[in-house]
file structure-v2.cif (mmCIF, C-alpha atoms and all ligand atoms)
data_start
#
loop_
_atom_site.group_PDB
_atom_site.id
_atom_site.type_symbol
_atom_site.label_atom_id
_atom_site.label_comp_id
_atom_site.auth_asym_id
_atom_site.auth_seq_id
_atom_site.Cartn_x
_atom_site.Cartn_y
_atom_site.Cartn_z
ATOM 1 C CA MET D 24 -35.059 41.093 -33.726
ATOM 2 C CA PRO D 25 -32.784 38.118 -34.415
ATOM 3 C CA ALA D 26 -33.886 34.687 -33.098
ATOM 4 C CA VAL D 27 -30.644 34.459 -31.130
ATOM 5 C CA SER D 28 -29.442 37.645 -29.526
ATOM 6 C CA THR D 29 -25.808 38.526 -28.995
ATOM 7 C CA THR D 30 -26.270 38.442 -25.209
ATOM 8 C CA GLY D 31 -26.463 34.654 -25.281
ATOM 9 C CA VAL D 32 -30.178 34.361 -24.545
ATOM 10 C CA ASP D 33 -32.404 33.075 -27.347
ATOM 11 C CA SER D 34 -35.952 34.133 -28.205
ATOM 12 C CA ILE D 35 -37.544 31.701 -25.738
ATOM 13 C CA GLY D 36 -35.240 32.741 -22.942
ATOM 14 C CA LEU D 37 -32.853 29.779 -22.909
ATOM 15 C CA ARG D 38 -29.190 30.524 -22.407
ATOM 16 C CA THR D 39 -27.168 29.750 -25.468
ATOM 17 C CA GLY D 40 -23.486 29.683 -26.171
ATOM 18 C CA SER D 41 -22.629 28.050 -22.850
ATOM 19 C CA PRO D 42 -20.315 25.113 -23.540
ATOM 20 C CA PRO D 43 -21.500 21.553 -22.855
ATOM 21 C CA ALA D 44 -20.161 19.688 -19.816
ATOM 22 C CA VAL D 45 -18.268 17.222 -22.019
ATOM 23 C CA LYS D 46 -17.454 17.477 -25.697
ATOM 24 C CA VAL D 47 -15.502 14.611 -27.221
ATOM 25 C CA SER D 48 -14.738 15.372 -30.879
ATOM 26 C CA SER D 49 -13.392 12.765 -33.324
ATOM 27 C CA VAL D 50 -11.191 11.194 -30.675
ATOM 28 C CA ASN D 51 -8.818 8.362 -31.563
ATOM 29 C CA LYS D 52 -6.521 6.733 -29.049
ATOM 30 C CA SER D 53 -3.764 4.230 -29.739
ATOM 31 C CA PHE D 54 -1.355 2.524 -27.367
ATOM 32 C CA ALA D 55 1.826 1.749 -29.329
ATOM 33 C CA ASP D 56 0.363 0.745 -32.725
ATOM 34 C CA SER D 57 -2.849 -0.587 -31.350
ATOM 35 C CA LEU D 58 -6.050 1.441 -31.889
ATOM 36 C CA VAL D 59 -8.226 1.415 -28.769
ATOM 37 C CA ILE D 60 -10.700 4.271 -29.409
ATOM 38 C CA ASP D 61 -11.871 4.928 -32.940
ATOM 39 C CA GLY D 62 -13.471 8.248 -33.875
ATOM 40 C CA VAL D 63 -15.597 8.835 -30.792
ATOM 41 C CA ASN D 64 -17.922 11.850 -30.739
ATOM 42 C CA LEU D 65 -19.890 12.487 -27.598
ATOM 43 C CA THR D 66 -21.586 15.572 -26.200
ATOM 44 C CA VAL D 67 -22.930 15.667 -22.656
ATOM 45 C CA GLU D 68 -25.031 18.666 -21.656
ATOM 46 C CA LYS D 69 -24.871 20.130 -18.164
ATOM 47 C CA GLY D 70 -27.002 18.224 -15.673
ATOM 48 C CA GLU D 71 -27.212 15.034 -17.736
ATOM 49 C CA PHE D 72 -26.473 11.594 -16.333
ATOM 50 C CA ILE D 73 -24.802 9.490 -19.002
ATOM 51 C CA ALA D 74 -24.115 5.779 -18.676
ATOM 52 C CA LEU D 75 -21.514 4.146 -20.898
ATOM 53 C CA ILE D 76 -21.689 0.398 -21.441
ATOM 54 C CA GLY D 77 -19.594 -1.927 -23.585
ATOM 55 C CA ALA D 78 -17.549 -5.115 -23.536
ATOM 56 C CA SER D 79 -14.397 -5.420 -21.434
ATOM 57 C CA GLY D 80 -11.416 -3.878 -23.164
ATOM 58 C CA CYS D 81 -13.453 -1.666 -25.530
ATOM 59 C CA GLY D 82 -11.878 1.511 -24.155
ATOM 60 C CA LYS D 83 -14.369 2.813 -21.561
ATOM 61 C CA THR D 84 -11.748 3.465 -18.863
ATOM 62 C CA THR D 85 -9.431 5.001 -21.452
ATOM 63 C CA LEU D 86 -12.210 7.372 -22.529
ATOM 64 C CA LEU D 87 -12.895 8.377 -18.917
ATOM 65 C CA ARG D 88 -9.177 8.850 -18.234
ATOM 66 C CA MET D 89 -8.948 11.134 -21.280
ATOM 67 C CA CYS D 90 -11.959 13.129 -20.002
ATOM 68 C CA SER D 91 -10.151 13.674 -16.695
ATOM 69 C CA GLY D 92 -6.869 14.625 -18.387
ATOM 70 C CA LEU D 93 -4.971 11.557 -17.140
ATOM 71 C CA GLU D 94 -4.507 10.365 -20.727
ATOM 72 C CA GLN D 95 -4.186 12.319 -23.980
ATOM 73 C CA PRO D 96 -6.109 11.528 -27.190
ATOM 74 C CA SER D 97 -3.859 10.486 -30.105
ATOM 75 C CA SER D 98 -6.023 12.741 -32.293
ATOM 76 C CA GLY D 99 -9.207 14.735 -31.907
ATOM 77 C CA SER D 100 -10.083 16.836 -28.890
ATOM 78 C CA ILE D 101 -11.890 16.779 -25.552
ATOM 79 C CA GLU D 102 -13.325 19.807 -23.811
ATOM 80 C CA ILE D 103 -14.819 19.909 -20.315
ATOM 81 C CA PHE D 104 -16.999 22.988 -19.797
ATOM 82 C CA GLY D 105 -15.189 24.459 -22.805
ATOM 83 C CA LYS D 106 -11.694 23.851 -21.403
ATOM 84 C CA PRO D 107 -9.008 21.213 -21.842
ATOM 85 C CA PRO D 108 -9.537 18.440 -19.236
ATOM 86 C CA ALA D 109 -6.355 19.335 -17.306
ATOM 87 C CA ALA D 110 -7.571 22.933 -16.919
ATOM 88 C CA ALA D 111 -10.995 21.721 -15.736
ATOM 89 C CA THR D 112 -9.273 19.460 -13.193
ATOM 90 C CA SER D 113 -7.151 22.378 -11.950
ATOM 91 C CA ALA D 114 -10.353 24.421 -11.594
ATOM 92 C CA HIS D 115 -11.812 21.651 -9.345
ATOM 93 C CA GLU D 116 -14.536 20.965 -11.899
ATOM 94 C CA ILE D 117 -13.954 17.199 -12.140
ATOM 95 C CA GLY D 118 -14.379 14.474 -9.502
ATOM 96 C CA VAL D 119 -13.274 10.927 -10.299
ATOM 97 C CA ALA D 120 -14.017 7.582 -8.616
ATOM 98 C CA PHE D 121 -12.771 4.272 -9.946
ATOM 99 C CA GLN D 122 -13.770 0.661 -9.281
ATOM 100 C CA ARG D 123 -11.094 0.066 -6.670
ATOM 101 C CA PRO D 124 -11.438 2.696 -3.943
ATOM 102 C CA ALA D 125 -8.245 4.752 -3.937
ATOM 103 C CA LEU D 126 -8.140 5.120 -0.142
ATOM 104 C CA VAL D 127 -4.930 5.508 1.851
ATOM 105 C CA PRO D 128 -4.830 2.397 4.110
ATOM 106 C CA SER D 129 -3.127 4.177 7.020
ATOM 107 C CA ARG D 130 -5.778 6.908 7.213
ATOM 108 C CA THR D 131 -9.300 6.727 8.606
ATOM 109 C CA ALA D 132 -12.369 7.391 6.468
ATOM 110 C CA LEU D 133 -12.524 11.004 7.663
ATOM 111 C CA GLU D 134 -8.781 11.530 7.216
ATOM 112 C CA ASN D 135 -8.991 10.179 3.670
ATOM 113 C CA VAL D 136 -11.631 12.729 2.697
ATOM 114 C CA ARG D 137 -9.710 15.531 4.441
ATOM 115 C CA LEU D 138 -6.527 14.477 2.661
ATOM 116 C CA THR D 139 -8.252 14.587 -0.735
ATOM 117 C CA LEU D 140 -9.454 18.078 0.052
ATOM 118 C CA LYS D 141 -5.957 19.156 1.031
ATOM 119 C CA ILE D 142 -4.593 17.841 -2.271
ATOM 120 C CA THR D 143 -7.311 19.436 -4.417
ATOM 121 C CA GLY D 144 -7.103 22.647 -2.373
ATOM 122 C CA SER D 145 -10.575 23.829 -3.321
ATOM 123 C CA ASP D 146 -12.078 26.867 -1.566
ATOM 124 C CA ASP D 147 -15.649 25.839 -2.240
ATOM 125 C CA ALA D 148 -15.625 22.472 -0.526
ATOM 126 C CA MET D 149 -18.074 20.553 1.617
ATOM 127 C CA ASP D 150 -17.270 19.753 5.231
ATOM 128 C CA PRO D 151 -15.828 16.196 5.163
ATOM 129 C CA LEU D 152 -17.451 15.256 8.467
ATOM 130 C CA ALA D 153 -20.880 16.491 7.385
ATOM 131 C CA LEU D 154 -20.482 14.816 3.992
ATOM 132 C CA LEU D 155 -19.611 11.397 5.440
ATOM 133 C CA THR D 156 -22.444 11.702 7.954
ATOM 134 C CA HIS D 157 -24.822 12.538 5.101
ATOM 135 C CA PHE D 158 -23.501 9.447 3.307
ATOM 136 C CA GLY D 159 -24.580 7.270 6.260
ATOM 137 C CA LEU D 160 -21.041 6.830 7.585
ATOM 138 C CA ALA D 161 -21.310 8.632 10.956
ATOM 139 C CA GLU D 162 -20.325 5.434 12.775
ATOM 140 C CA ALA D 163 -17.387 4.806 10.458
ATOM 141 C CA LEU D 164 -15.588 8.155 10.489
ATOM 142 C CA ASN D 165 -12.646 6.893 12.519
ATOM 143 C CA ARG D 166 -12.350 3.463 10.967
ATOM 144 C CA TYR D 167 -9.500 2.514 8.656
ATOM 145 C CA PRO D 168 -10.295 1.270 5.115
ATOM 146 C CA HIS D 169 -9.677 -2.391 6.058
ATOM 147 C CA GLU D 170 -12.294 -2.011 8.821
ATOM 148 C CA LEU D 171 -14.957 -0.916 6.313
ATOM 149 C CA SER D 172 -17.167 -3.135 4.135
ATOM 150 C CA GLY D 173 -16.756 -2.894 0.336
ATOM 151 C CA GLY D 174 -19.911 -0.768 0.093
ATOM 152 C CA MET D 175 -18.693 1.597 2.821
ATOM 153 C CA GLN D 176 -15.278 1.914 1.166
ATOM 154 C CA GLN D 177 -16.967 2.849 -2.082
ATOM 155 C CA ARG D 178 -19.099 5.491 -0.316
ATOM 156 C CA VAL D 179 -15.926 7.003 1.166
ATOM 157 C CA ASN D 180 -14.339 6.863 -2.282
ATOM 158 C CA ILE D 181 -17.295 8.748 -3.789
ATOM 159 C CA ALA D 182 -17.147 11.238 -0.890
ATOM 160 C CA CYS D 183 -13.508 11.884 -1.876
ATOM 161 C CA ALA D 184 -14.661 12.494 -5.473
ATOM 162 C CA LEU D 185 -17.431 14.888 -4.404
ATOM 163 C CA VAL D 186 -15.931 16.807 -1.457
ATOM 164 C CA HIS D 187 -14.636 19.665 -3.628
ATOM 165 C CA GLN D 188 -18.083 20.014 -5.277
ATOM 166 C CA PRO D 189 -17.059 19.211 -8.852
ATOM 167 C CA ALA D 190 -19.588 20.099 -11.545
ATOM 168 C CA LEU D 191 -18.675 16.875 -13.407
ATOM 169 C CA LEU D 192 -18.434 13.457 -11.778
ATOM 170 C CA LEU D 193 -16.674 10.606 -13.609
ATOM 171 C CA LEU D 194 -17.421 7.143 -12.216
ATOM 172 C CA ASP D 195 -15.690 4.047 -13.558
ATOM 173 C CA GLU D 196 -17.578 0.885 -12.534
ATOM 174 C CA PRO D 197 -17.782 2.091 -8.927
ATOM 175 C CA PHE D 198 -19.964 -0.835 -7.862
ATOM 176 C CA GLY D 199 -18.326 -3.474 -10.044
ATOM 177 C CA ALA D 200 -16.637 -5.324 -7.195
ATOM 178 C CA LEU D 201 -19.643 -5.417 -4.856
ATOM 179 C CA ASP D 202 -22.218 -8.133 -4.272
ATOM 180 C CA GLU D 203 -25.663 -7.772 -5.852
ATOM 181 C CA ILE D 204 -27.558 -6.588 -2.743
ATOM 182 C CA THR D 205 -24.934 -4.010 -1.709
ATOM 183 C CA ARG D 206 -24.798 -2.872 -5.302
ATOM 184 C CA GLU D 207 -28.579 -2.352 -5.557
ATOM 185 C CA LYS D 208 -28.594 -0.370 -2.317
ATOM 186 C CA LEU D 209 -25.697 1.795 -3.463
ATOM 187 C CA VAL D 210 -27.352 2.488 -6.832
ATOM 188 C CA ASP D 211 -30.423 3.839 -4.976
ATOM 189 C CA TRP D 212 -28.178 5.757 -2.614
ATOM 190 C CA LEU D 213 -26.188 7.316 -5.483
ATOM 191 C CA ALA D 214 -29.365 8.262 -7.361
ATOM 192 C CA GLY D 215 -30.589 10.097 -4.233
ATOM 193 C CA ILE D 216 -27.252 11.850 -3.653
ATOM 194 C CA LEU D 217 -26.987 13.021 -7.246
ATOM 195 C CA ARG D 218 -30.613 14.206 -7.432
ATOM 196 C CA GLU D 219 -29.753 16.794 -4.773
ATOM 197 C CA SER D 220 -27.490 18.677 -7.194
ATOM 198 C CA SER D 221 -27.408 19.723 -10.821
ATOM 199 C CA ARG D 222 -24.131 17.866 -11.285
ATOM 200 C CA THR D 223 -23.271 16.190 -14.597
ATOM 201 C CA THR D 224 -22.300 12.530 -14.306
ATOM 202 C CA LEU D 225 -20.588 10.124 -16.690
ATOM 203 C CA LEU D 226 -20.815 6.563 -15.366
ATOM 204 C CA VAL D 227 -19.119 3.506 -16.833
ATOM 205 C CA THR D 228 -20.896 0.323 -15.833
ATOM 206 C CA HIS D 229 -21.235 -3.234 -17.058
ATOM 207 C CA SER D 230 -24.759 -3.486 -15.689
ATOM 208 C CA VAL D 231 -27.510 -2.614 -18.163
ATOM 209 C CA GLU D 232 -30.075 -2.298 -15.313
ATOM 210 C CA GLU D 233 -27.784 0.061 -13.433
ATOM 211 C CA ALA D 234 -27.330 2.166 -16.599
ATOM 212 C CA VAL D 235 -31.102 2.458 -17.171
ATOM 213 C CA THR D 236 -31.849 3.035 -13.468
ATOM 214 C CA LEU D 237 -29.453 5.954 -13.176
ATOM 215 C CA SER D 238 -29.087 7.683 -16.518
ATOM 216 C CA THR D 239 -30.845 10.061 -18.862
ATOM 217 C CA ARG D 240 -29.025 8.501 -21.849
ATOM 218 C CA VAL D 241 -27.106 5.272 -22.328
ATOM 219 C CA PHE D 242 -24.246 5.066 -24.823
ATOM 220 C CA VAL D 243 -23.230 1.640 -26.072
ATOM 221 C CA MET D 244 -19.647 1.114 -27.207
ATOM 222 C CA SER D 245 -18.592 -1.461 -29.773
ATOM 223 C CA ARG D 246 -15.885 -4.016 -29.178
ATOM 224 C CA ARG D 247 -12.318 -2.706 -29.429
ATOM 225 C CA PRO D 248 -11.494 -0.418 -31.122
ATOM 226 C CA GLY D 249 -14.272 1.343 -29.236
ATOM 227 C CA ARG D 250 -16.813 3.360 -31.189
ATOM 228 C CA ILE D 251 -20.177 4.694 -30.067
ATOM 229 C CA ALA D 252 -22.482 2.061 -31.547
ATOM 230 C CA ALA D 253 -25.834 3.203 -30.139
ATOM 231 C CA GLU D 254 -27.522 5.776 -27.964
ATOM 232 C CA ILE D 255 -30.653 5.041 -25.938
ATOM 233 C CA LYS D 256 -32.634 7.867 -24.385
ATOM 234 C CA VAL D 257 -34.136 7.081 -20.979
ATOM 235 C CA PRO D 258 -37.297 9.209 -20.578
ATOM 236 C CA LEU D 259 -38.227 7.791 -17.158
ATOM 237 C CA PRO D 260 -39.378 9.864 -14.160
ATOM 238 C CA ALA D 261 -36.490 11.372 -12.159
ATOM 239 C CA ILE D 262 -37.130 9.050 -9.210
ATOM 240 C CA ARG D 263 -36.811 5.446 -10.369
ATOM 241 C CA ASP D 264 -38.260 3.629 -7.395
ATOM 242 C CA PHE D 265 -39.272 -0.009 -7.213
ATOM 243 C CA GLU D 266 -42.553 0.671 -9.032
ATOM 244 C CA VAL D 267 -40.831 2.431 -11.942
ATOM 245 C CA ARG D 268 -38.302 -0.400 -12.168
ATOM 246 C CA GLN D 269 -41.138 -2.916 -12.528
ATOM 247 C CA SER D 270 -42.849 -0.891 -15.287
ATOM 248 C CA GLU D 271 -43.119 -2.041 -18.913
ATOM 249 C CA GLN D 272 -41.311 1.130 -19.995
ATOM 250 C CA PHE D 273 -38.316 0.368 -17.770
ATOM 251 C CA LEU D 274 -38.156 -3.255 -18.888
ATOM 252 C CA ASP D 275 -38.430 -2.188 -22.568
ATOM 253 C CA LEU D 276 -35.532 0.220 -22.116
ATOM 254 C CA VAL D 277 -33.400 -2.472 -20.469
ATOM 255 C CA ARG D 278 -34.253 -4.808 -23.358
ATOM 256 C CA SER D 279 -33.334 -2.135 -25.953
ATOM 257 C CA ALA D 280 -30.026 -1.413 -24.239
ATOM 258 C CA ARG D 281 -29.236 -5.122 -23.968
ATOM 259 C CA ASP D 282 -30.093 -5.685 -27.654
ATOM 260 C CA ALA D 283 -27.894 -2.750 -28.645
ATOM 261 C CA LEU D 284 -25.050 -4.160 -26.540
ATOM 262 C CA HIS D 285 -25.364 -7.592 -28.170
ATOM 263 C CA ALA D 286 -25.523 -6.020 -31.643
ATOM 264 C CA ALA D 287 -22.358 -4.028 -30.816
ATOM 265 C CA ILE D 288 -20.515 -7.154 -29.655
ATOM 266 C CA PRO D 289 -21.225 -9.865 -32.225
ATOM 267 C CA ASP D 290 -20.114 -13.406 -31.301
HETATM 268 N N1 LIG K 301 -1.648 2.402 -20.625
HETATM 269 C C1 LIG K 301 -1.940 1.446 -21.524
HETATM 270 N N2 LIG K 301 -0.993 0.900 -22.297
HETATM 271 C C2 LIG K 301 -1.302 -0.046 -23.211
HETATM 272 N N3 LIG K 301 -2.529 -0.531 -23.432
HETATM 273 C C3 LIG K 301 -3.518 -0.020 -22.686
HETATM 274 C C4 LIG K 301 -3.292 0.978 -21.690
HETATM 275 N N4 LIG K 301 -4.484 1.298 -21.108
HETATM 276 C C5 LIG K 301 -5.412 0.513 -21.703
HETATM 277 N N5 LIG K 301 -4.826 -0.276 -22.645
HETATM 278 C C6 LIG K 301 -5.536 -1.239 -23.513
HETATM 279 O O1 LIG K 301 -6.605 -0.541 -24.121
HETATM 280 C C7 LIG K 301 -7.738 -1.374 -24.231
HETATM 281 C C8 LIG K 301 -8.915 -0.690 -23.591
HETATM 282 O O2 LIG K 301 -8.709 -0.683 -22.184
HETATM 283 P P1 LIG K 301 -9.752 -0.033 -21.185
HETATM 284 O O3 LIG K 301 -9.969 1.385 -21.560
HETATM 285 O O4 LIG K 301 -9.269 -0.319 -19.824
HETATM 286 O O5 LIG K 301 -11.078 -0.876 -21.517
HETATM 287 P P2 LIG K 301 -12.413 -1.071 -20.658
HETATM 288 O O6 LIG K 301 -12.410 -0.087 -19.545
HETATM 289 O O7 LIG K 301 -13.522 -0.840 -21.637
HETATM 290 O O8 LIG K 301 -12.408 -2.484 -20.165
HETATM 291 C C9 LIG K 301 -7.371 -2.707 -23.591
HETATM 292 O O9 LIG K 301 -7.009 -3.613 -24.593
HETATM 293 C C10 LIG K 301 -6.191 -2.348 -22.734
HETATM 294 O O10 LIG K 301 -5.326 -3.441 -22.593
HETATM 295 MG MG MG K 302 -12.500 -0.336 -17.495
#
call {"tool": "encode", "arguments": {"input": "structure-v2.cif", "output": "structure tokens"}}
result
Amino acid sequence: MPAVSTTGVDSIGLRTGSPPAVKVSSVNKSFADSLVIDGVNLTVEKGEFIALIGASGCGKTTLLRMCSGLEQPSSGSIEIFGKPPAAATSAHEIGVAFQRPALVPSRTALENVRLTLKITGSDDAMDPLALLTHFGLAEALNRYPHELSGGMQQRVNIACALVHQPALLLLDEPFGALDEITREKLVDWLAGILRESSRTTLLVTHSVEEAVTLSTRVFVMSRRPGRIAAEIKVPLPAIRDFEVRQSEQFLDLVRSARDALHAAIPD
């Protein structure tokens, strides 16, 4: 009996052969003659929550854009669930939310989510009204973006990214423009929302605490041209409540991530 059978189930019953959620292989990216991403390798397994931190301009957004198929690598390859990113996007497997909520100003919160659904055209979608209500926005369904606070706008933005039930969520500094208190609340809110599913998430953030609070692994990128300089595993309990965030283990992990970030960005 071979250790790994041809049916894709190994001797201890784990499924094998299923592609990872994200596989970035030897990716370089240049704009004109300028190298922005330098030989990045990154594998994200299904269900992981990865945080990516690094100095401004080191290529984090570019990496995320390549993962969603909006940008092409200059060399190397990216696969999402074993497919090219554009194919994964067409199959409704990717949801994307960026720092500035991409809401249509002339549409209400509910209309924005409905519009996104119409554009993505997914069959297996959530009900926009139920989703926004679940996101604590029942009172804000019929408000226009300019009538919503920054935190509410970002929740609508994330609802737009999630409404078609993507298996992979790409978040680019979604809380970057918010004040500290709103940001802390939204981090807790997002952790709760994402715990309800087995979704894979790749989050770019400039907050080391946010990275450690949310992720299972933190990747640190070097200054431009961006390389993966360090990886920190985050073996904390799934629910990182106030008590966990005050623990020695949490504070040690934040310290390690911060040290790795400083080492990756020498003065
Ligand atoms: N479309 C583009 N054309 C030219 N340069 C770009 C383009 N997109 C990003 N860059 C450059 O690539 C570098 C990395 O940008 P970005 O990925 O936005 O970094 P980060 O998100 O880490 O701040 C920056 O120097 C930026 O100016
Ligand atoms: Mg960026």
call {"tool": "resolve_selection", "arguments": {"input": "structure-v2.cif", "expression": "the PyMOL selection byres (((chain D and resi 64) around 6) and not hetatm)", "output": "ChimeraX atom specification"}}
result
/D:47-49,63,65
call {"tool": "residues_around", "arguments": {"input": "structure-v2.cif", "residues": "Ser91 in chain D", "least_positions_apart": "6", "cutoff": "10 Å", "atoms": "only C-alpha atoms", "output": "list in words"}}
result
Thr85, Ile101, Glu102, Ile103, Pro107, Pro108, Ala109, Ala110, Ala111, Thr112, Glu116, Ile117, Gly118, Val119, Leu191, Leu192 and Leu193 of chain D
call {"tool": "resolve_selection", "arguments": {"input": "structure-v2.cif", "expression": "the PyMOL selection byres (((not hetatm)) within 9 of (chain K and resi 302))", "output": "list of chain:residue names"}}
result
D:Ser79, D:Gly80, D:Cys81, D:Gly82, D:Lys83, D:Thr84, D:Thr85, D:Leu87, D:Phe121, D:Gln122, D:Asp195, D:Glu196, D:Val227, D:Thr228
call {"tool": "atom_distance", "arguments": {"input": "structure-v2.cif", "atom1": "CA of Val45 in chain D", "atom2": "CA of Pro197 in chain D"}}
result
20.0 Å
call {"tool": "closest_residue", "arguments": {"input": "structure-v2.cif", "among": "D:Pro258, D:Gly144, D:Pro96, D:Pro168", "to": "Val59 in chain D", "atoms": "only C-alpha atoms"}}
result
D:Pro96
call {"tool": "atom_distance", "arguments": {"input": "structure-v2.cif", "atom1": "atom C2 of ligand LIG 301 (chain K)", "atom2": "CA of Val243 in chain D"}}
result
22.2 Å
call {"tool": "residues_around", "arguments": {"input": "structure-v2.cif", "residues": "range 262-278 of chain D", "least_positions_apart": "3", "cutoff": "10 Å", "atoms": "only C-alpha atoms", "output": "MDAnalysis selection string"}}
result
chainID D and resid 211 214:215 218 230:237 241 255:259 281:284
call {"tool": "closest_residue", "arguments": {"input": "structure-v2.cif", "among": "D:Ala44, D:Ile288, D:Val127, D:Met244", "to": "ligand LIG 301 (chain K)", "atoms": "all atoms listed in the file"}}
result
D:Met244
call {"tool": "resolve_selection", "arguments": {"input": "structure-v2.cif", "expression": "the PyMOL selection byres (((chain D and resi 182) around 8) and not hetatm)", "output": "MDAnalysis selection string"}}
result
chainID D and resid 136 151 154:155 158 178:181 183:186
call {"tool": "atom_distance", "arguments": {"input": "structure-v2.cif", "atom1": "CA of Gly249 in chain D", "atom2": "CA of Arg206 in chain D"}}
result
26.5 Å
